[in-house]
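Scroll down for the structure; my scribbles are underneath it.
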Amino acid sequence: MRRKMLEKLREWAKRPGRKPLVLQGARQVGKTYTLLEFGQSDFEGVAYVNLESDALAREAFAGDLTPREVLARLAPLLSRPVTPQTLLFLDEIQSCKRALAALKYFCERMPEQPVAVAGSLLGVAVRGDDVGFPVGKVDFLTMHPMDFEEFAWACGQGALTDAVREGFARDVRVSGVEHELLVRLYREYLVVGGMPEAVACHAATREAAGWEEVRLAQNRLRQSMAADMARYATPTETRRILACYESLPRQLAKPNQKFQYRVVRMGATASRYDYALDWLSQAGLVAQCHAVSSVERPLPTFEDPSAFKAFLMDVGLYGAMAGFRPEEIVAAHPGTAFGGLAETYVAQALAANDIKPYYWASGSGAEVDFVYDGAAAPVAVEVKRGEHVRSRSLAALLARAPAVRAVRLSEREFGRTDRLLSLPLYAAFLLT
């Protein structure tokens with residue numbers, strides 16, 4: 001599958017002063033596949049080892065951590081010699097903390113050797129560990145589920161998203177036929193999401209008969225994520241992490257989508273459950289979106305740490321958790337129980353573009369779904385699930401903050417006024 005991360009990896013490889021690369025991201029978002037493709041296409045090959053499944057590979061890091069010693073011990077396990085023309089790829093590095101520590105010495109003593117590592121749960125696996133993280137000695141990239149444009153590529157519909165990009169650049173609409181096809185593809189994406197296994201199931205047929213296979217793939221992914229919770233947390237912590245995780249559809253179906261611990265479980269409090277939510281964030285499974293009282297730079301200055309929304313990292317997994325019927329989503333007949341579906345999709349699109357979103361809430365009850373720091377000015381994003389686009393909250397914010405640029409996302413076509421850009425929901429991947 002074609003992934004945008006490949007271009008970021010190529011930029012890293014060409015960077016002067018390049019350091020060992022840590023590719024982060026939730027499990028099964030495509031890190032291993034993309035790094036292997038990168039090694040084969042941009043180097044003479046890949047010297048690959050999986051530190052989770054190969055105990056002998058972990059033992060190679062038990063002694064001296066200088067690069068030459070490590071490579072000598074790894075050599076019998078690798079399919080090719082390690083040279084500056086090959087990519088050394090250490091997969092599932094969270095399974096071997098000393099391998100993580102060794103990256104410091106690769107940076108300092110063998111900087112000419114390209115090294116990339118992937119880890120799914122680094123944020124929780126190294127917490128409290130006595131092996132020092134190589135702070136300042138590594139470069140980071142974070143991989144997310146496939147965005148809408150990557151989904152279109154996988155489905156053989158790249159010409160449609162090319163038309164969206166071209167129209168956006170020229171400030172013109174796509175054709176009526178293209179718009180209808182894109183809206184249909186967007187609704188399919190709400191069902192499937194961006195996890196590669198689910199996308200592969202759907203791309204094979206793009207028929208309604210395949211929805212069951214998509215949901216089965218998503219449920220397998222959910223089970224593997226639950227297994228990770230049990231692996232990297234105590235039994236008590238696991239119960240709380242899972243309870244927070246499973247509460248997300250209920251949290252976002254409320255008229256007030258602010259995360260509330262009492263929705264997790266009766267009697268739940270922040271003091272008992274904030275660790276669980278932090279664990280989910282560190283694992284890349286959940287993104288927290290905090291409220292700001294004013295939309296001006298710098299946004300973190302106005303952040304309210306006690307008021308936030310929590311979005312699942314993938315809209316398809318969210319729909320599977322909530323029990324949404326694919327046929328109803330594609331037919332665009334969602335009821336109030338489908339609250340949060342479009343918002344989760346937009347949060348996922350922003351994350352894919354490395355944008356940290358907030359939301360604006362006023363004391364008078366006005367609220368705008370997302371705000372973030374744009375290149376030229378703060379940006380406010382209002383999300384409308386269908387074609388109804390009236391928003392008093394967005395108007396209230398614009399009246400207070402004359403420097404803010406506004407974007408309204410709905411199923412309507414492109415449009416623009418002096419301060420408001422109207423975009424179809426399928427064009428959310430263009431937000432920067």
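Just remember, in the structure tokens the first chain shown is A, the second B, etc., residues are 1-based per chain, and ligands are 1-based in the order shown.
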Excluding same-chain residues fewer than 6 positions from Val124 of chain A, what lies within 12 Å of it counting only C-alpha atoms, as a PyMOL selection string?
chain A and resi 24+26+94-95+228-229+231-233+275-285
I need the residues in segment 66-203 of chain A that are strand (DSSP E or B) according to DSSP; give them as a list in words.
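Answer for segment 66-203 of chain A restricted to strand (DSSP E or B) is Leu87, Leu88, Phe89, Leu90, Asp91, Val115, Ala116, Val117, Ala118, Gly119, Asp139, Phe140, Leu141 and Thr142 of chain A.
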Put those residues in a file: C-alpha atoms, as a PDB file, in the first residue's frame.
```pdb
ATOM      1  CA  LEU A  87      19.372  -0.091   6.473  1.00  0.00           C
ATOM      2  CA  LEU A  88      19.662  -1.736   9.883  1.00  0.00           C
ATOM      3  CA  PHE A  89      16.067  -2.237  11.021  1.00  0.00           C
ATOM      4  CA  LEU A  90      15.356  -3.292  14.617  1.00  0.00           C
ATOM      5  CA  ASP A  91      11.660  -4.088  14.892  1.00  0.00           C
ATOM      6  CA  VAL A 115      19.527   2.677  11.712  1.00  0.00           C
ATOM      7  CA  ALA A 116      15.751   2.614  12.020  1.00  0.00           C
ATOM      8  CA  VAL A 117      13.704   1.050  14.787  1.00  0.00           C
ATOM      9  CA  ALA A 118       9.976   0.568  15.190  1.00  0.00           C
ATOM     10  CA  GLY A 119       8.013   0.269  18.399  1.00  0.00           C
ATOM     11  CA  ASP A 139      15.136  11.274  15.471  1.00  0.00           C
ATOM     12  CA  PHE A 140      11.407  10.589  15.801  1.00  0.00           C
ATOM     13  CA  LEU A 141       8.568  10.038  13.368  1.00  0.00           C
ATOM     14  CA  THR A 142       5.060   8.933  14.252  1.00  0.00           C
TER      15      THR A 142
END
```
Using backbone DSSP assignments, extract all alpha helix (DSSP H) residues from segment 120-212 of chain A; output them as a PyMOL selection string.
chain A and resi 122-125+148-154+158-170+176-192+196-203+211-212
Extract, using only C-alpha atoms, all DNA, RNA and protein residues at most 7 Å from segment 158-163 of chain A, discarding same-chain residues fewer than 2 positions from it, and format them as a PyMOL selection string.
chain A and resi 149+152-153+156+165-167+174+178+182
Okay, now the selection with N, CA, C and O atoms, as an mmCIF file, in the first residue's frame?
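What ended up in out_18.cif:
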```
data_model
loop_
_atom_site.group_PDB
_atom_site.id
_atom_site.type_symbol
_atom_site.label_atom_id
_atom_site.label_comp_id
_atom_site.auth_asym_id
_atom_site.auth_seq_id
_atom_site.Cartn_x
_atom_site.Cartn_y
_atom_site.Cartn_z
ATOM 1 N N GLU A 149 -6.854 10.085 1.879
ATOM 2 C CA GLU A 149 -6.189 10.043 0.575
ATOM 3 C C GLU A 149 -5.482 8.707 0.371
ATOM 4 O O GLU A 149 -5.557 8.121 -0.723
ATOM 5 N N ALA A 152 -8.040 6.199 -0.478
ATOM 6 C CA ALA A 152 -8.455 6.314 -1.880
ATOM 7 C C ALA A 152 -7.438 5.647 -2.801
ATOM 8 O O ALA A 152 -7.812 4.953 -3.755
ATOM 9 N N TRP A 153 -6.147 5.850 -2.524
ATOM 10 C CA TRP A 153 -5.118 5.174 -3.332
ATOM 11 C C TRP A 153 -5.297 3.665 -3.268
ATOM 12 O O TRP A 153 -5.228 2.978 -4.287
ATOM 13 N N GLY A 156 -7.935 2.275 -5.432
ATOM 14 C CA GLY A 156 -7.840 2.577 -6.860
ATOM 15 C C GLY A 156 -8.564 3.845 -7.264
ATOM 16 O O GLY A 156 -8.920 4.012 -8.438
ATOM 17 N N ARG A 165 -7.215 17.830 -4.704
ATOM 18 C CA ARG A 165 -6.017 18.661 -4.521
ATOM 19 C C ARG A 165 -5.933 19.763 -5.584
ATOM 20 O O ARG A 165 -5.627 20.923 -5.265
ATOM 21 N N GLU A 166 -6.188 19.403 -6.811
ATOM 22 C CA GLU A 166 -6.101 20.384 -7.889
ATOM 23 C C GLU A 166 -7.159 21.468 -7.722
ATOM 24 O O GLU A 166 -6.882 22.662 -7.879
ATOM 25 N N GLY A 167 -8.378 21.059 -7.367
ATOM 26 C CA GLY A 167 -9.446 22.030 -7.160
ATOM 27 C C GLY A 167 -9.143 22.966 -6.009
ATOM 28 O O GLY A 167 -9.397 24.178 -6.083
ATOM 29 N N VAL A 174 -14.734 20.472 -7.559
ATOM 30 C CA VAL A 174 -14.697 19.292 -8.418
ATOM 31 C C VAL A 174 -16.036 19.199 -9.131
ATOM 32 O O VAL A 174 -16.997 19.882 -8.770
ATOM 33 N N GLU A 178 -17.828 13.838 -9.622
ATOM 34 C CA GLU A 178 -16.698 13.571 -8.723
ATOM 35 C C GLU A 178 -17.089 13.798 -7.269
ATOM 36 O O GLU A 178 -16.703 13.024 -6.379
ATOM 37 N N LEU A 182 -16.893 11.044 -4.322
ATOM 38 C CA LEU A 182 -16.057 11.297 -3.150
ATOM 39 C C LEU A 182 -16.837 11.208 -1.855
ATOM 40 O O LEU A 182 -16.333 10.698 -0.846
#
```
Polymer residues at most 12 Å from Thr432 of chain A, only C-alpha atoms, same-chain spacing of 4 or more positions, as number ranges by chain
A: 349-357, 371-381, 405, 407, 427-428
Please provide as a PDB file with C-alpha atoms, in the first residue's frame all residues within 12 Å of segment 57-64 of chain A, with the sequence filter that same-chain residues fewer than 2 positions apart are discarded (counting only C-alpha atoms).
```pdb
ATOM      1  CA  TYR A  48      16.145  -6.892   9.624  1.00  0.00           C
ATOM      2  CA  VAL A  49      15.609  -8.408  13.041  1.00  0.00           C
ATOM      3  CA  ASN A  50      12.481  -8.702  15.206  1.00  0.00           C
ATOM      4  CA  LEU A  51      13.354  -8.220  18.870  1.00  0.00           C
ATOM      5  CA  GLU A  52       9.994  -9.467  20.084  1.00  0.00           C
ATOM      6  CA  SER A  53      10.038 -12.856  18.386  1.00  0.00           C
ATOM      7  CA  ASP A  54      13.801 -13.539  18.318  1.00  0.00           C
ATOM      8  CA  ALA A  55      15.293 -14.234  21.755  1.00  0.00           C
ATOM      9  CA  THR A  66      29.303  -0.349  21.236  1.00  0.00           C
ATOM     10  CA  PRO A  67      28.063  -0.642  17.624  1.00  0.00           C
ATOM     11  CA  ARG A  68      30.828  -2.939  16.337  1.00  0.00           C
ATOM     12  CA  GLU A  69      30.316  -5.397  19.193  1.00  0.00           C
ATOM     13  CA  VAL A  70      26.549  -5.373  18.760  1.00  0.00           C
ATOM     14  CA  LEU A  71      26.793  -5.905  14.995  1.00  0.00           C
ATOM     15  CA  ALA A  72      29.263  -8.760  15.456  1.00  0.00           C
ATOM     16  CA  ARG A  73      26.803 -10.556  17.734  1.00  0.00           C
ATOM     17  CA  LEU A  74      23.860  -9.819  15.416  1.00  0.00           C
ATOM     18  CA  ALA A  75      25.674 -10.890  12.225  1.00  0.00           C
ATOM     19  CA  PRO A  76      24.696 -14.614  12.329  1.00  0.00           C
ATOM     20  CA  LEU A  77      21.026 -13.627  12.671  1.00  0.00           C
ATOM     21  CA  LEU A  78      20.923 -11.211   9.737  1.00  0.00           C
ATOM     22  CA  LEU A  90      15.356  -3.292  14.617  1.00  0.00           C
ATOM     23  CA  ASP A  91      11.660  -4.088  14.892  1.00  0.00           C
ATOM     24  CA  GLU A  92       9.544  -4.172  18.095  1.00  0.00           C
ATOM     25  CA  ILE A  93      12.329  -2.444  19.999  1.00  0.00           C
ATOM     26  CA  GLN A  94      10.154  -2.017  23.074  1.00  0.00           C
ATOM     27  CA  SER A  95      10.861  -5.709  23.738  1.00  0.00           C
ATOM     28  CA  CYS A  96      14.563  -5.012  24.356  1.00  0.00           C
ATOM     29  CA  LYS A  97      15.356  -1.933  26.419  1.00  0.00           C
ATOM     30  CA  ARG A  98      19.118  -2.344  25.960  1.00  0.00           C
ATOM     31  CA  ALA A  99      18.659  -2.189  22.194  1.00  0.00           C
ATOM     32  CA  LEU A 100      16.994   1.155  22.725  1.00  0.00           C
ATOM     33  CA  ALA A 101      19.913   2.315  24.870  1.00  0.00           C
ATOM     34  CA  ALA A 102      22.347   1.158  22.161  1.00  0.00           C
ATOM     35  CA  LEU A 103      20.992   3.777  19.760  1.00  0.00           C
ATOM     36  CA  TYR A 105      26.222   4.665  20.700  1.00  0.00           C
TER      37      TYR A 105
END
```
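Near Val383 of chain A, within 8 Å and counting only C-alpha atoms, sit Ala342, Glu343, Val346, Asp369, Arg408, Leu409 and Ser410 of chain A, not including residues fewer than 4 positions from it in the same chain.
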Mind writing the picked residues with all heavy atoms as a tab-separated table (two decimals), in the first residue's frame?
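The file below, again.tsv, is the result:
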```
chain	number	residue	atom	x	y	z
A	342	ALA	N	-18.08	11.76	12.71
A	342	ALA	CA	-17.39	12.73	11.86
A	342	ALA	C	-16.27	13.43	12.62
A	342	ALA	O	-15.20	13.70	12.06
A	342	ALA	CB	-18.39	13.76	11.31
A	343	GLU	N	-16.50	13.71	13.91
A	343	GLU	CA	-15.47	14.37	14.71
A	343	GLU	C	-14.24	13.48	14.86
A	343	GLU	O	-13.10	13.95	14.81
A	343	GLU	CB	-16.02	14.76	16.08
A	343	GLU	CG	-17.03	15.90	16.05
A	343	GLU	CD	-18.46	15.39	15.82
A	343	GLU	OE1	-18.61	14.20	15.43
A	343	GLU	OE2	-19.40	16.17	16.03
A	346	VAL	N	-12.26	13.64	11.65
A	346	VAL	CA	-11.49	14.88	11.51
A	346	VAL	C	-10.29	14.87	12.45
A	346	VAL	O	-9.18	15.27	12.07
A	346	VAL	CB	-12.38	16.11	11.75
A	346	VAL	CG1	-11.54	17.40	11.73
A	346	VAL	CG2	-13.47	16.19	10.69
A	369	ASP	N	-15.60	22.81	17.41
A	369	ASP	CA	-15.09	21.44	17.49
A	369	ASP	C	-13.58	21.35	17.61
A	369	ASP	O	-13.05	20.62	18.45
A	369	ASP	CB	-15.56	20.64	16.26
A	369	ASP	CG	-17.07	20.50	16.22
A	369	ASP	OD1	-17.64	20.07	17.22
A	369	ASP	OD2	-17.66	20.83	15.17
A	408	ARG	N	-15.19	25.29	7.69
A	408	ARG	CA	-16.38	24.49	7.99
A	408	ARG	C	-16.34	23.23	7.12
A	408	ARG	O	-16.20	23.31	5.90
A	408	ARG	CB	-17.65	25.27	7.70
A	408	ARG	CG	-18.93	24.45	7.96
A	408	ARG	CD	-20.17	25.22	7.57
A	408	ARG	NE	-20.39	26.34	8.45
A	408	ARG	CZ	-20.67	27.58	8.05
A	408	ARG	NH1	-20.72	27.85	6.74
A	408	ARG	NH2	-20.88	28.54	8.91
A	409	LEU	N	-16.42	22.07	7.77
A	409	LEU	CA	-16.42	20.79	7.06
A	409	LEU	C	-17.83	20.21	7.07
A	409	LEU	O	-18.45	20.08	8.14
A	409	LEU	CB	-15.46	19.82	7.75
A	409	LEU	CG	-13.97	20.16	7.67
A	409	LEU	CD1	-13.17	19.28	8.63
A	409	LEU	CD2	-13.44	19.98	6.25
A	410	SER	N	-18.32	19.85	5.91
A	410	SER	CA	-19.64	19.24	5.79
A	410	SER	C	-19.65	18.40	4.51
A	410	SER	O	-18.61	18.24	3.86
A	410	SER	CB	-20.73	20.31	5.73
A	410	SER	OG	-20.68	21.00	4.48
```
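Take the candidates A:Gln223, A:Arg206, A:Gly25, A:Arg272 and check each one against Thr236 of chain A using only C-alpha atoms; the shortest distance goes to A:Arg272.
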